[in-house]
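S.K.: I'd like to ask you about the structure that follows.
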Amino acid sequence: EESTNYGEELDYTITGIEPGAGIMSAAEEAVEAYELEDWDISASSSAAMTQALGTAYENEEPVIVTGWTPHWKFAAYDLKYLEDPEGIFGEAEDIHTFAREGLEEEKPEAYTVLENFHWTEEDMGEIMMAINEGQNEAEAAAEWVENNQDKVSEWTEGVSSVEDEEIELIFVAWDSEIASTNMIGKVLEDIGYDVTMTPTEAPYMFQAVATGEADAMVAAWLPLTHAHLLDDYEDDMVDLGVNLEGARTGLVVPEYMDIDSIEDLK
Ligand code: PBE
C-alpha cells in the first residue's frame, strides 16, 4: 500500500520543541535510523509546536510534530503516532520524581508527600485540558486538588503541617509538567510551604536537583527520554519513584494524513 511522502509539502520539516528535550534527541536519532537525510527537525518551544499543530489541523493541512502522551492535544484533535518499527522512541515511559540529597532529613514533610505522589494520565489530563481551555495554571491545579481530596489525602496522610518553610520545585514548561508541578506545588502549599516553581530547560532541571540548587522535580521521563541526563546526574540525586505510568513519545500527525509509519517519510 502506497502512502504519501509529504516531504515537499512540509518542506522536509518536522516541527520540534525546546532543544534540550529528550524527544528532540530521539527525533534526530530517528532521522538517522530511518535514513531521512532530507528532513530537519525545527527547534522551537512546546507552545509553538501546539500552535503549528492547531493551525495545520484547522486547515486540514499536513504537519508532523514531536509529540507525547499525556498531552491535551490528543483530546482536542484526532491524532496518531507514526509507527516506529526501529523502536527509536522506546516503549512506554514512566515519569519519576527526584529530590536533592538531604531533602529527606531537612524537609521530611515535603519528602514524604513527593515520595507518595502518584496519579494517572486521566488525572493529569484534567488539569491540562482546563489550562488549554484558558484557565490559569495555578487555578486549574488548585481546582483539581480541591476536587480530588481522596487522592491528595493519600499522599499527605500522617504528614504534619509546616510553618516558615520554603521549597523550590524545578520544571520545564512542557504542558504535562506545567500541570504536575503546579498540582504538587499546591499540595505542598496547602501543608504550609512557601513554594517556588522555577521553569528551566531539561539539562538544568536535572543539574539543579543534583547540585541542591532546587529541592525536587516531578518531570523525569524514563527509561529512555531522559536517560542521557540520568547518566550525568543520578549519583547526586534521590529517585523517589514513579509518579505516572504509561507515558509515551514519538512523531505525531493528524489522523487525516495518509501515512502510518516513520519509514514512509523516506
Ligand atoms: N517531553 C515531555 C519531554 C519529557 C516530557 C516528552 C516533551 C522531553 O522530551 O524531554
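Ligands are numbered from 1 in the order shown, residues from 1 within each chain, and chains are lettered A, B, ... in the order they appear in the C-alpha cells.
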Can you check which parts of chain A lie within 8 Å of ligand 1? Per residue, the shortest pair of atoms and distance in Å to one decimal, counting only C-alpha atoms and all ligand atoms, sorted by chain and number, as CSV.
M.R.:
```
residue,atom,partner,partner_atom_place_in_ligand_line,distance
A:Ile17,CA,ligand 1,7 (C),7.2
A:Glu18,CA,ligand 1,7 (C),8.0
A:Gly20,CA,ligand 1,10 (O),7.0
A:Ala21,CA,ligand 1,10 (O),3.5
A:Gly22,CA,ligand 1,10 (O),3.6
A:Ile23,CA,ligand 1,9 (O),3.6
A:Met24,CA,ligand 1,9 (O),6.3
A:Ser46,CA,ligand 1,7 (C),7.4
A:Thr66,CA,ligand 1,7 (C),7.8
A:Gly67,CA,ligand 1,6 (C),6.8
A:Trp68,CA,ligand 1,6 (C),5.2
A:Thr69,CA,ligand 1,6 (C),7.7
A:Trp174,CA,ligand 1,2 (C),5.6
A:Asp175,CA,ligand 1,2 (C),7.6
A:Ser176,CA,ligand 1,2 (C),6.5
A:Glu177,CA,ligand 1,5 (C),6.8
A:Ala202,CA,ligand 1,10 (O),6.5
A:Ala219,CA,ligand 1,5 (C),6.6
A:Ala220,CA,ligand 1,4 (C),6.9
A:Trp221,CA,ligand 1,4 (C),5.5
A:Thr225,CA,ligand 1,10 (O),5.7
A:His226,CA,ligand 1,10 (O),6.2
A:Arg248,CA,ligand 1,6 (C),7.5
A:Thr249,CA,ligand 1,6 (C),5.7
```
S.K.: Output as a PyMOL selection string all residues of segment 34-228 of chain A that backbone DSSP marks as strand (DSSP E or B).
M.R.: chain A and resi 40-42+65-69+79-81+83+93-100+166-171+194-199+216-222
S.K.: Residues within 6 Å of segment 253-262 of chain A, please, as a PyMOL selection string. Count only C-alpha atoms; anything in the same chain fewer than 5 positions from it doesn't count.
M.R.: chain A and resi 3-4+64+78-80+82-84
S.K.: Could you pull the residues within 6 Å of Leu244 of chain A, counting only C-alpha atoms, minus those fewer than 4 positions along the same chain, as a compact mmCIF listing (two decimals) with all heavy atoms, in the first residue's frame?
M.R.:
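Once written, out.txt looks like this:
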```
# COMPACT_ATOMS: atom_id res chain seq x y z
N ASP A 94 7.87 5.94 32.07
CA ASP A 94 7.32 6.34 33.37
C ASP A 94 7.88 7.72 33.71
O ASP A 94 9.00 8.05 33.32
CB ASP A 94 7.76 5.36 34.46
CG ASP A 94 7.13 3.99 34.29
OD1 ASP A 94 5.98 3.92 33.80
OD2 ASP A 94 7.79 3.00 34.65
N ILE A 95 7.10 8.49 34.43
CA ILE A 95 7.60 9.78 34.91
C ILE A 95 7.99 9.64 36.38
O ILE A 95 7.19 9.18 37.19
CB ILE A 95 6.54 10.90 34.73
CG1 ILE A 95 5.98 10.89 33.30
CG2 ILE A 95 7.16 12.26 35.08
CD1 ILE A 95 4.92 11.95 33.04
N HIS A 118 1.51 9.93 43.31
CA HIS A 118 1.31 9.01 42.19
C HIS A 118 -0.08 9.27 41.65
O HIS A 118 -1.05 9.27 42.40
CB HIS A 118 1.43 7.56 42.68
CG HIS A 118 1.31 6.58 41.56
ND1 HIS A 118 0.08 6.13 41.10
CD2 HIS A 118 2.24 5.97 40.79
CE1 HIS A 118 0.28 5.29 40.10
NE2 HIS A 118 1.58 5.17 39.88
N TRP A 119 -0.19 9.52 40.35
CA TRP A 119 -1.50 9.73 39.75
C TRP A 119 -1.54 9.12 38.36
O TRP A 119 -0.61 8.39 38.00
CB TRP A 119 -1.92 11.21 39.79
CG TRP A 119 -1.05 12.16 38.98
CD1 TRP A 119 0.14 11.89 38.38
CD2 TRP A 119 -1.35 13.52 38.67
NE1 TRP A 119 0.61 13.01 37.73
CE2 TRP A 119 -0.29 14.03 37.90
CE3 TRP A 119 -2.40 14.38 38.98
CZ2 TRP A 119 -0.25 15.34 37.43
CZ3 TRP A 119 -2.36 15.69 38.51
CH2 TRP A 119 -1.29 16.16 37.75
N THR A 120 -2.62 9.41 37.62
CA THR A 120 -2.79 8.75 36.32
C THR A 120 -2.80 9.78 35.20
O THR A 120 -2.95 10.99 35.43
CB THR A 120 -4.13 8.00 36.25
OG1 THR A 120 -5.19 8.97 36.34
CG2 THR A 120 -4.26 6.98 37.37
```
S.K.: Can you tell me which residues surround Asp232 of chain A at a distance of at most 12 Å, considering only C-alpha atoms, apart from same-chain residues fewer than 3 positions away, and format the answer as a list in words?
M.R.: Pro203, Tyr204, Phe206, Gln207, Val209, Ala210, Thr211, His226, Ala227, His228, Leu229, Asp235, Asp236 and Met237 of chain A
S.K.: Enter the distance from atom CA of Asp264 of chain A to atom CA of Tyr34 of chain A, in Å, rounded to one decimal.
M.R.: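 According to the coordinates, atom CA of Asp264 of chain A and atom CA of Tyr34 of chain A are separated by 9.2 Å.
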S.K.: Quick one, how far is atom CA of Glu104 of chain A from atom CA of Val238 of chain A?
M.R.: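 Straight-line distance from atom CA of Glu104 of chain A to atom CA of Val238 of chain A works out to 9.4 Å.
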S.K.: Between A:Pro70, A:Gly212, A:Gly241, A:Gly185, which one has atoms that come closest to Met124 of chain A, using only C-alpha atoms?
M.R.: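 Checking each of A:Pro70, A:Gly212, A:Gly241, A:Gly185 against Met124 of chain A, counting only C-alpha atoms, the winner is A:Pro70.
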S.K.: What is the atom CA of Asn182 of chain A to atom CA of Glu101 of chain A distance in Å?
M.R.: 22.5 Å
S.K.: Nearest residue to Glu234 of chain A out of A:Gln135, A:Trp144, A:Phe98, A:Leu103, using only C-alpha atoms?
M.R.: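 Residue with the minimum atom-to-atom distance to Glu234 of chain A: A:Phe98.
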S.K.: Determine, counting only C-alpha atoms, which protein, DNA and RNA residues have an atom within 10 Å of an atom of Pro19 of chain A; residues of the same chain fewer than 5 positions away are not included. Present the result as a tab-separated table (two decimals) with all heavy atoms, in the first residue's frame.
M.R.:
```
chain	number	residue	atom	x	y	z
A	24	MET	N	13.69	15.59	21.35
A	24	MET	CA	14.43	16.20	20.24
A	24	MET	C	15.63	15.33	19.86
A	24	MET	O	15.90	15.11	18.68
A	24	MET	CB	14.88	17.62	20.61
A	24	MET	CG	13.72	18.60	20.73
A	24	MET	SD	12.87	18.87	19.15
A	24	MET	CE	14.01	20.00	18.36
A	25	SER	N	16.35	14.80	20.86
A	25	SER	CA	17.46	13.89	20.55
A	25	SER	C	16.92	12.62	19.90
A	25	SER	O	17.51	12.09	18.96
A	25	SER	CB	18.24	13.49	21.80
A	25	SER	OG	18.17	14.47	22.78
A	41	ILE	N	14.58	18.65	11.86
A	41	ILE	CA	13.69	18.85	13.00
A	41	ILE	C	13.84	20.32	13.38
A	41	ILE	O	14.94	20.74	13.74
A	41	ILE	CB	14.12	18.02	14.23
A	41	ILE	CG1	14.68	16.65	13.84
A	41	ILE	CG2	13.02	17.96	15.25
A	41	ILE	CD1	13.70	15.62	13.48
A	42	SER	N	12.78	21.09	13.30
A	42	SER	CA	12.91	22.50	13.68
A	42	SER	C	12.74	22.63	15.19
A	42	SER	O	11.81	22.09	15.77
A	42	SER	CB	11.87	23.35	12.95
A	42	SER	OG	10.59	23.06	13.45
A	43	ALA	N	13.69	23.30	15.83
A	43	ALA	CA	13.60	23.51	17.28
A	43	ALA	C	12.78	24.77	17.53
A	43	ALA	O	12.95	25.77	16.84
A	43	ALA	CB	14.99	23.66	17.88
A	44	SER	N	11.88	24.70	18.50
A	44	SER	CA	11.13	25.91	18.86
A	44	SER	C	10.75	25.80	20.33
A	44	SER	O	11.62	25.73	21.17
A	44	SER	CB	9.90	26.05	17.96
A	44	SER	OG	9.03	24.94	18.09
A	45	SER	N	9.47	25.74	20.62
A	45	SER	CA	9.03	25.54	22.00
A	45	SER	C	7.77	24.69	21.96
A	45	SER	O	7.16	24.54	20.90
A	45	SER	CB	8.71	26.90	22.64
A	45	SER	OG	7.58	27.46	22.00
A	201	GLU	N	15.29	24.58	31.37
A	201	GLU	CA	15.35	23.54	30.35
A	201	GLU	C	15.80	22.23	30.96
A	201	GLU	O	16.39	22.21	32.04
A	201	GLU	CB	16.28	23.98	29.22
A	201	GLU	CG	15.64	25.13	28.45
A	201	GLU	CD	16.36	25.48	27.17
A	201	GLU	OE1	17.23	24.69	26.74
A	201	GLU	OE2	16.03	26.53	26.62
A	202	ALA	N	15.54	21.14	30.25
A	202	ALA	CA	15.73	19.80	30.83
A	202	ALA	C	17.11	19.58	31.47
A	202	ALA	O	17.19	19.11	32.61
A	202	ALA	CB	15.43	18.73	29.79
```
S.K.: For Glu168 of chain A, list every protein, DNA or RNA residue within 6 Å, evaluated using only C-alpha atoms, and leave out those in the same chain fewer than 4 positions away; present the list as a list of chain:residue names.
M.R.: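 In the requested format, the answer is A:Val195, A:Thr196, A:Met197, A:Ala214, A:Asp215.
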S.K.: Counting only C-alpha atoms, figure out which residue out of A:Asp123, A:Asp231, A:Glu163, A:Glu58 gets nearest to Val145 of chain A.
M.R.: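 For Val145 of chain A, the nearest of the given residues is A:Asp123.
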S.K.: Restricting the calculation to only C-alpha atoms: of A:Ala76, A:Met183, A:Val152, A:Leu265, which residue gets closest to Gly54 of chain A?
M.R.: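 Looking at the shortest contact to Gly54 of chain A, the residue is A:Ala76.
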S.K.: Give me every alpha helix (DSSP H) residue in segment 8-248 of chain A, going by DSSP on the backbone, as an MDAnalysis selection string.
M.R.: chainID A and resid 22:33 46:58 73:76 103:106 108:116 121:132 137:147 149:156 175:190 202:211 227:233
